[in-house]
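All remarks here apply to the structure that follows.
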Amino acid sequence: MWTITKRNFLAGTLLACLALPGAAQAQEKIRIGMTVSSSGNFALASQSGVRGVEIWVDEINAKGGLDIKGEKRLVELVKRDDRSDKQMVARVYEDLIANENVDLLMAPFGSTLTAAAATVTERLDKFLVIWSAASDALYDQGFKNIVSATQMPVSRMPSAGLEAAAALGNKKVAIINVDEPFPAGLADGAEAIAEKLGMEVVLKEDYPKGTKDFSLLLQKARAAGADVFFPTSYEGDLISMVRQMHQMNVNFPMTFMVYASTPQFIDIGDDAQYIYSHTNFHPTINWAVNAGLNREGFLEAYKRLFPNVSYEPDFQTVLAYGAAVIAGEIIQNADSLEAADLKKAAMALSDKLTVLAGPYAIDETGKQLKMPFPVVQLQPGKGLVTVWPKEVAVAEPIYPIPGWDKRD
Amino acid sequence: MTDEVKEVRDGEVVPAPASQGNIEKSNHIRSLIWGAVVAVIIAVFLPAPLFASNLSFLFYMMLWLTMAMSFNFVAGMAGYMPFGYVAFYGVGAYAMGVLYKTFGMPIPIALAGSAAAGILVGLLVAPTLRLKGVYFGIVSLALAMAMKLVISLMPRDITGGSLGLILSSANDPLAAYYAMFLVMMGALAAGTWLSMSRLGTALRAIRDDSEAAEVVGVNVVATRLKAWIMATMFPALVGGVEAWYTNAIDLDSSFNLLVTAKSIVYAMAGGLGFLVGPIVGASALYGIDQLIWRNFPTLNLLILGVVIIALMLLLPRGIVGAFAQRFSRFRRFIP
């Protein structure tokens, strides 16, 4: 056994003294603070996200760190638990800044927690990189030092689908939604976007939760002469709608369903064919990435770093990873870790970066303007393929959708 | 205060002080101790934002002090266990959010609205004060769930639905901090009044034996109601101020049952029935919680749970309660 004798104590002290100047020369790490939810409602999504950030930290450190003022500095992620609790978020973000001396922060999961974190980072003048807060109101708050690097607000989520619809020459849109907040928010957004794109919204209706019979709504949409049928409800309702469209032989040149890209929807079989939907992480979505890893590199890193995690990377992982990559680019461009400099650099980089999650552009409130969810379509023989936007499309959209009575 | 002749606390008879002079003296000392406690609280929280950057730590400490104190009004002094205590907190938060965001009212008015909403809900369920013990607890738990459901069923334009409300351009953490300070001072004042006045004596009498209290002329219904209203107003105000501080309100965080659980644990850890009990309990556990999550990021909840269980097993009457039991001669000096 190794015991502390006078001699090796002295030797150790001497060694430590010799080592000290070397240690002082090594650059201080860039400390990035973030909370993870170990428990509560946001635990799964939050942990999915933090894995994305960890992939980025690993990638940057393998390259020797981030370049600031001509010096490479390694990155350290300081993680703390927020228990999915808004109160904890306010306390922990404060602690990260005041006691852990982090240089900048990644937001927690979701709009509520992010809003709580932003009040703290704003007060203590630190830069906050957001990857999952979709509430539009957050960006009306007047916060100066926030940037939604990868998450677009709810009001813009339906944009790619409707842009595809407009590009295909559609003129009339029917929007329906279940009377629940998120689908209703998407429907309101869809209405505004459709009108902006010059399309006429011929029907916009909500229906109560628990509705099983959509025949009346489908007939109304058909009678209104809609080219695009655009329901924003959850999978269960969408499956019933498609089945009833088939039974009643109701056809639209384009049917776009927000949740039609989920495995649950695709599992219903032939009725799911030709339906348009959107997603941000799929084997056929490959943006021309100019910062960070591409899809293959990302998947490889995920497998290498998290061999024991039973979850595959999901869109949260992709959003958080993309946000971290953008944060890194912002730091290198700012050549500083001051919040105001970082915000300036974030604005300067707007419209110049494309990461795994898509192209990045923000306005002065920090709201994300791009990062569209590409439009996918389930095509016979090909499966789910990306058809819009052009940069990532791998197949031509099948348009108009063949009528139910004209399919084999 | 000569009406305090004989006190039964936790089934134990406390000997009455021998003479009028002794009573006066112990009352005086008790008031001095309480005054010192309040002075320390003011000295810590009032100037803190000038020196410290850990505003959130102090803000939430005041929040829990207030929640535990007002929980004590109804649980410690009146003997009710409102398991649905979070209902008032949530209603207060939403009243603040809806009045400010949806109806565009200034923040002070929105906060007054929070208090009013809390009292209103308290009055609506006042008839359930007739229930005793666990029955009352269950009804109040149901109330919390019902309030959450009511708000979730309200139109999205008013309450913001599942995305909740984000209070645009309300961000002023320092003002919210001092608002919470005022609420806490209000709770301290209410606590002082409750325990030093005839009302407090009447409440304790009801808690120990409501029938006997009635026989000696205590208006049981009116007395309970007063304590109940105070116990509902403060959490509503706290919820409102907290919503202002974080600028974000949603159903899950506003009606999180942990808010009730923490109020109970903090108040009981200090000792129910004593004015200083919730203050000692909330400060101690809140401090321990801070130490734990800072030092054990992954195991923090587990360790906190173990600490709380140990505390309840070793000191079932709370820190102040255990002290009073061990040194019973000093009990009459404990506010």
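Chain labels A, B, ... are given in the sequence in which chains occur in the structure tokens; within each chain residues are numbered consecutively from 1, and ligands are likewise numbered from 1 in the order shown.
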Neighbours of segment 218-227 of chain B within 7 Å (only C-alpha atoms; same-chain residues fewer than 5 positions away dropped), as a ChimeraX atom specification? /B:73-74,78,199,202-203,206,213
Write out as a ChimeraX atom specification all residues of segment 70-258 of chain B that backbone DSSP assigns to helix (DSSP H, G or I). /B:70-77,86-102,107-124,126-130,133-153,156-159,161-163,173-196,198-208,210-215,220-246,251-254,257-258
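The gap separating atom CA of Ser48 of chain A from atom CA of Asp81 of chain A is 14.2 Å, in Å to one decimal.
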Residues of chain B were defined as contacting chain A if any atom lay at most 10 Å from it, counting only C-alpha atoms; please report them as a count of residues only. 52
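The protein and nucleic acid residues lying at most 10 Å from Gly236 of chain A are Gly210, Lys212, Ser233, Tyr234, Leu238, Ile239, Ser240, Met241, Tyr259, Gln264 and Phe265 of chain A, with only C-alpha atoms considered and sequence neighbours fewer than 2 positions away removed.
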Nearby residues (only C-alpha atoms) at most 9 Å from segment 90-94 of chain B, same-chain spacing under 5 positions excluded, as a ChimeraX atom specification: /B:99,111,113-118,121,144,147-148,151,159,165,233,235-244,249-251,253-256
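For segment 162-305 of chain A, backbone-based DSSP assignment of strand (DSSP E) covers Lys172, Val173, Ala174, Ile175, Ile176, Asn177, Val178, Glu200, Val201, Val202, Leu203, Lys204, Glu205, Asp206, Tyr207, Val228, Phe229, Phe230, Pro231, Met254, Thr255, Tyr276, Ser277 and His278 of chain A.
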Output of the above residues as a compact mmCIF listing (two decimals), in the first residue's frame, restricted to N, CA and C atoms:
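As a result, result-v5.txt now contains:
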# COMPACT_ATOMS: atom_id res chain seq x y z
N LYS A 172 -57.16 26.81 -52.61
CA LYS A 172 -58.14 26.83 -51.52
C LYS A 172 -57.77 25.81 -50.43
N VAL A 173 -57.80 26.30 -49.19
CA VAL A 173 -57.37 25.44 -48.08
C VAL A 173 -58.51 25.25 -47.08
N ALA A 174 -58.70 24.04 -46.63
CA ALA A 174 -59.66 23.76 -45.55
C ALA A 174 -58.85 23.32 -44.33
N ILE A 175 -59.02 24.05 -43.23
CA ILE A 175 -58.25 23.74 -42.01
C ILE A 175 -59.22 23.29 -40.92
N ILE A 176 -58.99 22.13 -40.35
CA ILE A 176 -59.80 21.74 -39.19
C ILE A 176 -58.89 21.26 -38.07
N ASN A 177 -59.38 21.41 -36.86
CA ASN A 177 -58.57 20.99 -35.71
C ASN A 177 -59.45 20.58 -34.54
N VAL A 178 -58.90 19.72 -33.70
CA VAL A 178 -59.58 19.38 -32.47
C VAL A 178 -59.43 20.58 -31.54
N GLU A 200 -56.74 30.94 -50.39
CA GLU A 200 -57.99 31.28 -49.71
C GLU A 200 -58.31 30.18 -48.69
N VAL A 201 -58.62 30.60 -47.46
CA VAL A 201 -59.02 29.61 -46.46
C VAL A 201 -60.53 29.46 -46.57
N VAL A 202 -60.97 28.36 -47.18
CA VAL A 202 -62.40 28.21 -47.45
C VAL A 202 -63.14 27.59 -46.28
N LEU A 203 -62.42 26.98 -45.36
CA LEU A 203 -63.06 26.39 -44.19
C LEU A 203 -62.06 26.39 -43.05
N LYS A 204 -62.50 26.89 -41.91
CA LYS A 204 -61.65 26.73 -40.72
C LYS A 204 -62.59 26.43 -39.56
N GLU A 205 -62.50 25.21 -39.07
CA GLU A 205 -63.43 24.80 -38.02
C GLU A 205 -62.72 23.95 -37.00
N ASP A 206 -63.18 24.08 -35.75
CA ASP A 206 -62.68 23.12 -34.77
C ASP A 206 -63.83 22.21 -34.35
N TYR A 207 -63.49 21.11 -33.76
CA TYR A 207 -64.50 20.16 -33.30
C TYR A 207 -64.11 19.71 -31.90
N VAL A 228 -56.67 21.85 -50.71
CA VAL A 228 -55.80 21.31 -49.66
C VAL A 228 -56.63 21.05 -48.41
N PHE A 229 -56.55 19.83 -47.94
CA PHE A 229 -57.21 19.49 -46.68
C PHE A 229 -56.11 19.47 -45.61
N PHE A 230 -56.27 20.29 -44.56
CA PHE A 230 -55.18 20.54 -43.64
C PHE A 230 -55.62 20.38 -42.18
N PRO A 231 -55.85 19.14 -41.71
CA PRO A 231 -56.20 18.98 -40.30
C PRO A 231 -54.94 19.02 -39.42
N MET A 254 -54.55 17.57 -52.42
CA MET A 254 -53.47 17.45 -51.44
C MET A 254 -54.08 17.35 -50.04
N THR A 255 -53.68 16.32 -49.30
CA THR A 255 -54.07 16.21 -47.89
C THR A 255 -52.79 16.25 -47.06
N TYR A 276 -49.51 13.82 -47.18
CA TYR A 276 -48.35 14.69 -46.91
C TYR A 276 -48.26 14.96 -45.40
N SER A 277 -47.05 15.12 -44.93
CA SER A 277 -46.85 15.45 -43.53
C SER A 277 -45.51 16.16 -43.39
N HIS A 278 -45.06 16.38 -42.15
CA HIS A 278 -43.73 16.97 -42.00
C HIS A 278 -43.00 16.35 -40.82
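Shortest atom-to-atom contact with Val392 of chain A among A:Thr317, A:Thr354, A:Asn286, A:Asn333: A:Asn286, counting only C-alpha atoms.
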Selected residue, from A:Thr232, A:Gln273, A:Thr150, A:Ser350, that lies nearest to Tyr321 of chain A when counting only C-alpha atoms: A:Thr150
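Distance-wise, atom CA of Ile42 of chain B and atom CA of Ala189 of chain B end up 12.4 Å apart.
Between atom CA of Phe42 of chain A and atom CA of Ala310 of chain B there is a distance of 29.0 Å.
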Between B:Leu257, B:Leu285, B:Arg207, B:Gly84, which residue has the minimum interatomic distance to Gly305 of chain B, considering only C-alpha atoms? B:Leu285
Selection: 12 Å around Met196 of chain B, only C-alpha atoms, excl. self and same-chain fewer than 3 positions, as a ChimeraX atom specification: /B:1-4,27-28,30-31,34,77,189-193,199-204,274-275,335
